[in-house]
Structures are given as structure tokens and as C-alpha cells.
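Visitor: Just passing along the structure, written as C-alpha cells.
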Amino acid sequence: MKLRTGLAAAALLAAGSSQASVEPKTAIDQFLASNVVVSAKSQVIDKRCKAALSLAGKSRAAIEKRTGKASLKGDFVPFDDLSNLLDSTVGEMSTIAAVSPVKEVRDAAQDCISKVSDLSTKISLSRPIYDRLAAIPKDSLPPPAEHAVDRTLLQFRLSGVDKDEATRQKVEALQKDITDTGLAFERTIAEKPSEIVLDSADALEGLPQDYIDAHKPGADGKLHISTNYPDALPLLKFAKRADVRKAMYMAFQNRAWPDNEDVLKKMLAKRYELAQVLGYPNFAELITADKMIGNAAHLKQFLDEVNQAANPAAERDQALLLAEEKKIDPAATSVNAWDSSYLSNIIQKEKFDVDGSVLRQYFTYEKARAGIFQLLHDLFGADIRPWKTAVWDPSVTAWELYDHGRLIGQFYLDMSPRKGKFTHAETSMVRTGMSGRQLPIGLLICNFPAEGPMEHSDVTTFLHEFGHLIHFLYSGHQDYAAQSMPKVQWDFVEAPSQMLEEWTWDYDTLRRFATNAEGQPIPEALVAKMNAGRHFGEAGSWKRQIAFSAISLAYHDRPADFDLTQLWKSEFNRYSLTPYVEGTHPYASFGHLNGYSSIYYTYVWSKAIALDLFTRFKSTGIRDPKTAMAYRTRVLDPGAVSDAGDLIKDFLGRDFSADALKSELQAK
Ligand SMILES: [Zn+2]
């Protein structure tokens, strides 16, 4: 459930103003009016990239050359435009790299990202631009503009702009290495084939018939089951044979290994070096400096607090799992990782009477999509209509979002697996929106079954990604690109998406779209049972998220000379009740280590915010349109106009607190 924005972590933020409705379109406006996401030719990508770089180069030179009195309009606006050009180009190219069916095109797009990122790094180290922006008189600025300028200057300083020339050159070289190793890391995860081979269909005993039908033997008479999510997750949940589950678990946790071992080591070493060069003790301190959480010590403390709160419920659930495990192996003293999903499903069935195979009959992709569109209409007044435009694959659909007749943004849905496509779920930003100048264009990339039933958890993922998408589209109407959602404090970005997940547990919402093949809506009793079983395993899975957060932190809070496997194991076992499995190398496919580096905690932190925001919905009824509109106008629409903490306070009428998450984990 990643978020792919323009520039990766440490690059620059920007700000600017527009009033373009009364001014002629700039060259950057004209350039961004079109894009090449549907192109199947690498030459087109190369040409687009060259044009973007040339335009950015000119724009940079013009800002650096400016003299006289610095001003918002004269310096800040062109800089915001320049940053937006770079961000939107990376957004466009990241989209292509993630979804294009043509390998040469994906490669060309990645090559472009690397070039644009290099230029962005150079600009983030441009002393002339920094000096111009720092010289803008603040006293006459309205608060949102002042905030945008201040955030921009902070980003410049975090980039090292105020260091001497030799240091800035070192930073530039390190940033390039970090970008390139990051791209290589993600490319291997997406493209390295990985599968298990089973002798016969007997090995699939326990799996739903539609899964068995979709996995016929190959030419060699054997079953080849990939480690892609739609293949791997049902197998881990339903396959009766422990050896089959274990084979899948091992293959899944060894994706992109050993290929990514050295790539990751290099990435971590370069990040550590960068932090040191910039005067920070390590990369974790550098990356948290502009986040809500503030620093690595606060981050550690937060993880430990939530972990404490989760312990009693997690231990209680683990005891139930272990009791089931002992039915398979009476000598078991802990739950095998490859049994966890399977045993949870058994308990859900026996204790809460929720049968996953019955539940999934109520969900298909088409129904879920219609249901989500309707929900967004009911809550936020969203009117979603087909967008007639070219797409890169026949399975991709395109849509427009209207608000009371006004076009707010456009988006693509690329929702089923395809060879070479990004294998996880994420929201991609093709172009950032600005008031009166550019409509935001976004994209959801998911990997759901194209046909037939889907899991309830898929529906939750679907709505989660929509949470990012509407945040991006609604916030794309500010004066400056720097004020839209991609520039929101990073540890807030998962909150809107995690909060929306709550509606997939609401009967009143589900009954409107979850119907079986006979057209009967999901029974209220089944949803009630689902909710009774919902919190089973929840505390344990948050402890696992805390473990991943602690790993992402530990990989970045020390010199990078540690053993990746050993540190993974020790941090994982410190928090997870299901121990690390020897022989696995999960870090090799932990894609977040590129885009999120040490800030994977964002998911736990944002969840705490999401549940806190949700308290207001709970108090008024979760489908109350007034509350939903207040949320939209105070939290989503403002994007990055002010600090995330202020937006939360504006909506809740008080400061953010992690109590809602802690009490949810304690009580359930
Ligand atoms: Zn997300």
C-alpha cells in the first residue's frame, strides 16, 4: 500500500503561486498539459525526458540569474513551477516504470527518473536559488504562503544547501548513488520471477475451486504457482498441506534474494554516509527531522508504547493459534510463520463462524469498484464518470472526478496483475494539480483477480488506495504545487487511507454492493460475525507492523556494516510473536526500504491518527455527510497548506492523540 510521489525521500520540496487564470500559460504549464503514460515506444519516453530536462535547465538558470528585490511572485512562483515540473515528470515516469507492458519503455522511464532525480539534487543544492528564496520578505506574506516558503527553505537546508562547495558535490554524488541503487532494488523485486512448483493439483487441497481452476498444470505436467499476491495469499490461507504452505512461505520471503543483498547494503551505506556528510548522526535522524514525529528517539518511544498496549491481546490470540498449531504438531512451542494465516482462518471459522471461502463470494472487482464510487459519492459528493482517453493496457480504465458539476481530477485504475507490472498496491501521481492551471491526474495500481471472487481484504486495500487518491485529487486545487498532498508531512499520508478502510466493515455500506452470484446482498449476520472476528489477530499484526518499523529504523540508525539477516531477525523477534524463519531473507523484497527508508513507522503512526480522526465519525454516525464534508474541507482539501497536526486539530477541535489506537488494541 505504498505511495509513489514525485521525488524520493530526501529530494526537495517547493512552493509557488499562480493566478494563471489571468496570465498566459507558461512553458511549464504547456509542457505538463500532456503526458506520455500510454506510449509503447522508448524513443517517445526519451524525447519527453530530454524536453523536461531542457525546460527545467532553462527555468533553473533563469531563477539563479535573478537580481534585485526577491519576491513571492518573482522567485517563489517560478521555483514552485520548476519543482512541479520535476515532480510531475518523476510521477509520470514512475507510473510508466510501474505499469508499461513494454520492458524497453519501463527501462527508459527508469533511466529518466534517475536523470531527473540527479537534476533535482543539483537544484536542491543551488545556493543562488536558496539565497533568493531566503531573501523574500516574510512580513507581507499571507500565512499559507509563508508556510510554503518556510517548508521549502527547510527542505533546502536538509538537502545540504548551506554546506560548502566540496560537501555539496559529495552530497550530489551520494544522492545519485542512492537513487540508482533504489531503482535497481525495486526493479529486481518487480521483475525477478519467483514461483513454487507442485507435482499435482492434489497439493492445492483446501483451496477454493476458482483458484484450482485458474492454476492448471503447465506443459511439464506440474503446477507453477507464482509468488504474486493473488497466487500466494490464498494458498497460505487455505492450502491444507503444511509442506505446500511452507514452500510458498519460503519462496515468498526469498523473493529478489540474493540479487538484492548487495544492492541494499550499498543503498544503506550511501544513506549513512549522506547523513554524516550533512551533519546528522545517521540517516534516521536526517529523515525524521521534518516529520510529525520529529526524531528517532520519539519514534522508538512511540513504537514501544503501542507495542506495550498491543501485548495482552496479541498474547491471548497467539495462545489460540498455538492451540491450533498443536493439533498439527503436538510438540510445537511456537506458531510457524507459514501456518499463521491458515490457522487464523480456521479460528475465524470455528470461533467466529466466518468462513473466508463463503465471504469472498460476495466480492468481485466490478462490484467493489461500483460500491466504492457510491460510497465516495455519499460521503464527499464525489461524482465519478468514465473518462474517454487512451490507456496502456485493455484492462485499464480511466475516470473523471466531479464535484457538483466541476471537474476536480482524472485517474486511471490499473487493477489486475500483468507480467512486469509493479506487484504491490500503490497510488501514483501522474501530475500534481494547481488551482486554475492544472488538473491533478492520479493512478491506482493494484493486483486483484481480474475475474471471480476477491477477498474482503482486497476490498479494504482497494478503498485504502482510494483514500490516497482522493486526498491527492481534492488537494490539487491550491495556489502552489507545494501545497498539495504529495508535500504533506510524510508520516501523515497513510492516515486518510487507513481511516477509509473502516467503511469496509460497515454493514450499511457493504449491503449496497456486496452481493453473491445470485444477486443476494451480504447477510447482516455475516457482517456481524466478520466484525466479531475482525479484531482477532489484529494486535499481533500491529506488532508485526511495529517489527517492520523497528527494522526499517534499525537499518538506518547505525553504520551500515551489520549483517542484514541477523539484524532483521533480532528486531523482528523483539516484537513479533511468530518468530523469524531461518533461511528467509525478507529484506530483499521489502520494497519500502527504498521509498520509505527508515520511516515505515508511518503506517502505525498514521493508523493512530486515522483512528483518532475516526472518533468524530463514530460520534455522529459514520455515513453522516456533514462530518464527511467537514473532514474533506478541513483535512483533505487543504493538502499541505499547513502542518498536518494543525489540520487534525482543526477537524477534531483538539490535539492528536494515540489513545484511540491504544484502546482499540487493548480492548479487542
Ligand atoms: Zn497507503
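Residue numbering restarts at 1 for every chain of the C-alpha cells, chains are lettered A, B, ... in their displayed order, and ligands are numbered from 1 as they appear.
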So which bits of region 130-375 of chain A end up strand (DSSP E or B) when you DSSP the backbone, as a ChimeraX atom specification?

Guide: /A:195-198,223-226,364

Visitor: Report as a PyMOL selection string all protein, DNA and RNA residues lying within 6 Å of Pro453 (chain A), evaluated on only C-alpha atoms, omitting residues in the same chain fewer than 2 positions from it.

Guide: chain A and resi 360-361+363-364

Visitor: Let me see if you get this right: every residue at most 10 Å from ligand 1, counting only C-alpha atoms and all ligand atoms, written as a list in words.

Guide: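 Counting only what the definition allows, namely only C-alpha atoms and all ligand atoms, the set is Met1, Lys2, Leu3, Arg4, Ala425, Glu426, Thr427, Thr461, Leu463, His464, Glu465, Phe466, Gly467, His468, Leu469, Val493, Glu494, Ala495, Pro496, Ser497, Gln498, Thr602, Tyr603 and Ser606 of chain A.
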
Visitor: Selected residues, N, CA, C and O atoms, written as an mmCIF file, in the first residue's frame, please.

Guide:
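Once written, result_1.cif looks like this:
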```cif
data_model
loop_
_atom_site.group_PDB
_atom_site.id
_atom_site.type_symbol
_atom_site.label_atom_id
_atom_site.label_comp_id
_atom_site.auth_asym_id
_atom_site.auth_seq_id
_atom_site.Cartn_x
_atom_site.Cartn_y
_atom_site.Cartn_z
ATOM 1 N N MET A 1 0.832 -1.187 0.000
ATOM 2 C CA MET A 1 0.000 0.000 0.000
ATOM 3 C C MET A 1 0.867 1.237 0.000
ATOM 4 O O MET A 1 0.723 2.146 0.787
ATOM 5 N N LYS A 2 1.799 1.181 -0.867
ATOM 6 C CA LYS A 2 2.757 2.264 -0.908
ATOM 7 C C LYS A 2 2.206 3.468 -1.612
ATOM 8 O O LYS A 2 1.236 3.409 -2.330
ATOM 9 N N LEU A 3 2.938 4.528 -1.440
ATOM 10 C CA LEU A 3 2.568 5.755 -2.092
ATOM 11 C C LEU A 3 3.752 6.170 -2.931
ATOM 12 O O LEU A 3 4.856 6.247 -2.453
ATOM 13 N N ARG A 4 3.502 6.394 -4.192
ATOM 14 C CA ARG A 4 4.613 6.787 -5.049
ATOM 15 C C ARG A 4 4.397 8.235 -5.449
ATOM 16 O O ARG A 4 3.489 8.548 -6.184
ATOM 17 N N ALA A 425 0.411 -2.790 -4.131
ATOM 18 C CA ALA A 425 -0.680 -1.843 -4.391
ATOM 19 C C ALA A 425 -0.171 -0.448 -4.070
ATOM 20 O O ALA A 425 0.481 -0.256 -3.049
ATOM 21 N N GLU A 426 -0.448 0.499 -4.953
ATOM 22 C CA GLU A 426 0.003 1.860 -4.657
ATOM 23 C C GLU A 426 -0.772 2.894 -5.454
ATOM 24 O O GLU A 426 -1.461 2.575 -6.416
ATOM 25 N N THR A 427 -0.644 4.138 -4.997
ATOM 26 C CA THR A 427 -1.230 5.258 -5.702
ATOM 27 C C THR A 427 -0.095 6.032 -6.344
ATOM 28 O O THR A 427 0.898 6.339 -5.690
ATOM 29 N N THR A 461 -8.017 -3.034 0.802
ATOM 30 C CA THR A 461 -6.862 -2.444 0.108
ATOM 31 C C THR A 461 -7.321 -1.453 -0.963
ATOM 32 O O THR A 461 -6.769 -0.356 -1.113
ATOM 33 N N LEU A 463 -10.090 0.295 -1.109
ATOM 34 C CA LEU A 463 -10.584 1.542 -0.517
ATOM 35 C C LEU A 463 -9.424 2.339 0.099
ATOM 36 O O LEU A 463 -9.405 3.568 0.044
ATOM 37 N N HIS A 464 -8.482 1.635 0.675
ATOM 38 C CA HIS A 464 -7.281 2.284 1.215
ATOM 39 C C HIS A 464 -6.610 3.137 0.120
ATOM 40 O O HIS A 464 -6.328 4.318 0.321
ATOM 41 N N GLU A 465 -6.376 2.525 -1.021
ATOM 42 C CA GLU A 465 -5.703 3.255 -2.106
ATOM 43 C C GLU A 465 -6.554 4.427 -2.583
ATOM 44 O O GLU A 465 -6.032 5.480 -2.941
ATOM 45 N N PHE A 466 -7.863 4.250 -2.569
ATOM 46 C CA PHE A 466 -8.739 5.363 -2.932
ATOM 47 C C PHE A 466 -8.616 6.520 -1.943
ATOM 48 O O PHE A 466 -8.813 7.678 -2.302
ATOM 49 N N GLY A 467 -8.303 6.189 -0.701
ATOM 50 C CA GLY A 467 -8.085 7.237 0.296
ATOM 51 C C GLY A 467 -6.934 8.138 -0.116
ATOM 52 O O GLY A 467 -7.005 9.365 -0.012
ATOM 53 N N HIS A 468 -5.848 7.533 -0.627
ATOM 54 C CA HIS A 468 -4.726 8.325 -1.139
ATOM 55 C C HIS A 468 -5.157 9.136 -2.359
ATOM 56 O O HIS A 468 -4.838 10.309 -2.498
ATOM 57 N N LEU A 469 -5.879 8.454 -3.229
ATOM 58 C CA LEU A 469 -6.240 9.091 -4.500
ATOM 59 C C LEU A 469 -7.100 10.337 -4.275
ATOM 60 O O LEU A 469 -6.825 11.396 -4.834
ATOM 61 N N VAL A 493 0.622 10.778 5.633
ATOM 62 C CA VAL A 493 -0.037 10.410 4.373
ATOM 63 C C VAL A 493 -0.888 9.144 4.433
ATOM 64 O O VAL A 493 -1.828 9.006 3.672
ATOM 65 N N GLU A 494 -0.571 8.222 5.337
ATOM 66 C CA GLU A 494 -1.379 6.999 5.384
ATOM 67 C C GLU A 494 -2.664 7.168 6.192
ATOM 68 O O GLU A 494 -3.528 6.282 6.172
ATOM 69 N N ALA A 495 -2.807 8.275 6.900
ATOM 70 C CA ALA A 495 -3.987 8.433 7.767
ATOM 71 C C ALA A 495 -5.308 8.482 6.986
ATOM 72 O O ALA A 495 -6.243 7.742 7.309
ATOM 73 N N PRO A 496 -5.425 9.311 5.947
ATOM 74 C CA PRO A 496 -6.699 9.336 5.222
ATOM 75 C C PRO A 496 -7.049 7.979 4.603
ATOM 76 O O PRO A 496 -8.224 7.587 4.565
ATOM 77 N N SER A 497 -6.041 7.256 4.135
ATOM 78 C CA SER A 497 -6.324 5.964 3.508
ATOM 79 C C SER A 497 -6.673 4.917 4.558
ATOM 80 O O SER A 497 -7.582 4.112 4.372
ATOM 81 N N GLN A 498 -5.977 4.945 5.676
ATOM 82 C CA GLN A 498 -6.282 3.958 6.720
ATOM 83 C C GLN A 498 -7.647 4.224 7.338
ATOM 84 O O GLN A 498 -8.353 3.289 7.714
ATOM 85 N N THR A 602 5.483 5.104 9.674
ATOM 86 C CA THR A 602 4.380 5.904 9.150
ATOM 87 C C THR A 602 3.039 5.173 9.200
ATOM 88 O O THR A 602 2.012 5.771 9.494
ATOM 89 N N TYR A 603 3.051 3.866 8.922
ATOM 90 C CA TYR A 603 1.794 3.106 8.905
ATOM 91 C C TYR A 603 1.180 3.028 10.293
ATOM 92 O O TYR A 603 -0.036 3.130 10.453
ATOM 93 N N SER A 606 0.283 6.731 11.334
ATOM 94 C CA SER A 606 -0.905 7.180 10.606
ATOM 95 C C SER A 606 -2.158 6.439 11.071
ATOM 96 O O SER A 606 -3.244 6.997 11.065
#
```

Visitor: Tell me, as an MDAnalysis selection string, which residues lie within 8 Å of Leu153 (chain A), counting only C-alpha atoms; anything in the same chain fewer than 6 positions away does not count.

Guide: chainID A and resid 130 133:134

Visitor: Quick one: residues within 10 Å of Pro230 (chain A), only C-alpha atoms counted, chain neighbours fewer than 2 positions away excluded, as a compact mmCIF listing (two decimals) with N, CA and C atoms, in the first residue's frame?

Guide:
```txt
# COMPACT_ATOMS: atom_id res chain seq x y z
N TYR A 211 -9.80 -21.00 -7.58
CA TYR A 211 -8.33 -20.91 -7.54
C TYR A 211 -7.73 -22.13 -8.25
N SER A 226 3.01 -18.76 -8.86
CA SER A 226 3.92 -17.63 -8.64
C SER A 226 3.79 -17.10 -7.22
N THR A 227 4.75 -16.27 -6.83
CA THR A 227 4.68 -15.64 -5.50
C THR A 227 3.94 -14.30 -5.55
N ASN A 228 3.28 -14.00 -6.68
CA ASN A 228 2.46 -12.78 -6.73
C ASN A 228 1.33 -12.90 -5.70
N ALA A 232 -0.18 -16.19 -4.04
CA ALA A 232 0.45 -16.61 -2.78
C ALA A 232 -0.49 -16.50 -1.58
N LEU A 233 -1.24 -15.41 -1.48
CA LEU A 233 -2.02 -15.20 -0.25
C LEU A 233 -3.12 -16.23 -0.04
N PRO A 234 -3.93 -16.54 -1.08
CA PRO A 234 -4.94 -17.60 -0.85
C PRO A 234 -4.30 -18.94 -0.50
N LEU A 235 -3.16 -19.23 -1.14
CA LEU A 235 -2.51 -20.51 -0.86
C LEU A 235 -2.09 -20.59 0.61
N SER A 416 -5.31 -5.31 -12.26
CA SER A 416 -5.02 -6.74 -12.21
C SER A 416 -3.57 -7.03 -12.63
N PRO A 417 -3.04 -8.18 -12.19
CA PRO A 417 -1.62 -8.46 -12.41
C PRO A 417 -1.29 -8.63 -13.90
N THR A 423 4.15 -5.17 -8.37
CA THR A 423 3.40 -6.30 -7.82
C THR A 423 2.61 -5.99 -6.56
N ASN A 447 -3.28 -5.31 -7.64
CA ASN A 447 -3.15 -6.63 -8.24
C ASN A 447 -4.26 -7.55 -7.74
N PHE A 448 -5.48 -7.23 -8.14
CA PHE A 448 -6.64 -8.03 -7.74
C PHE A 448 -6.96 -9.03 -8.84
N PRO A 449 -7.68 -10.13 -8.47
CA PRO A 449 -8.11 -11.05 -9.53
C PRO A 449 -9.00 -10.28 -10.52
N MET A 454 -13.09 -12.03 -4.94
CA MET A 454 -11.89 -11.46 -4.32
C MET A 454 -12.06 -11.46 -2.81
N GLU A 455 -10.95 -11.31 -2.11
CA GLU A 455 -11.00 -11.35 -0.65
C GLU A 455 -11.56 -10.03 -0.11
N ASP A 458 -8.95 -7.57 0.04
CA ASP A 458 -8.69 -6.86 -1.23
C ASP A 458 -9.56 -5.60 -1.31
```

Visitor: From the list A:Ile45, A:Ala337, A:Leu593, A:Ile546, which residue is nearest Glu571 (chain A) when using only C-alpha atoms?

Guide: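 Counting only C-alpha atoms, the residue closest to Glu571 (chain A) is A:Ile546.
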
Visitor: In Å, rounded to a single decimal, give me how far CA of Ala70 (chain A) is from CA of Gly639 (chain A).

Guide: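 It comes out at 26.3 Å.
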
Visitor: Taking only region 172-386 of chain A into account, list the residues labelled alpha helix (DSSP H) by DSSP (computed from the backbone), as an MDAnalysis selection string.

Guide: chainID A and resid 172:191 209:214 229:238 242:252 259:277 283:288 296:328 340:351 356:359 365:380

Visitor: Pick the closest to Arg544 (chain A) from A:Pro559, A:Pro579, A:Pro523, A:Gly74: which is it, counting only C-alpha atoms?

Guide: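 With only C-alpha atoms as the atom set, the closest residue is A:Pro579.
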
Visitor: Show which residues sit within 12 Å of Lys351 (chain A), as a ChimeraX atom specification. Count only C-alpha atoms, and ignore same-chain residues fewer than 6 positions away.

Guide: /A:317,320-321,324,343-345,529-530,532-534,536
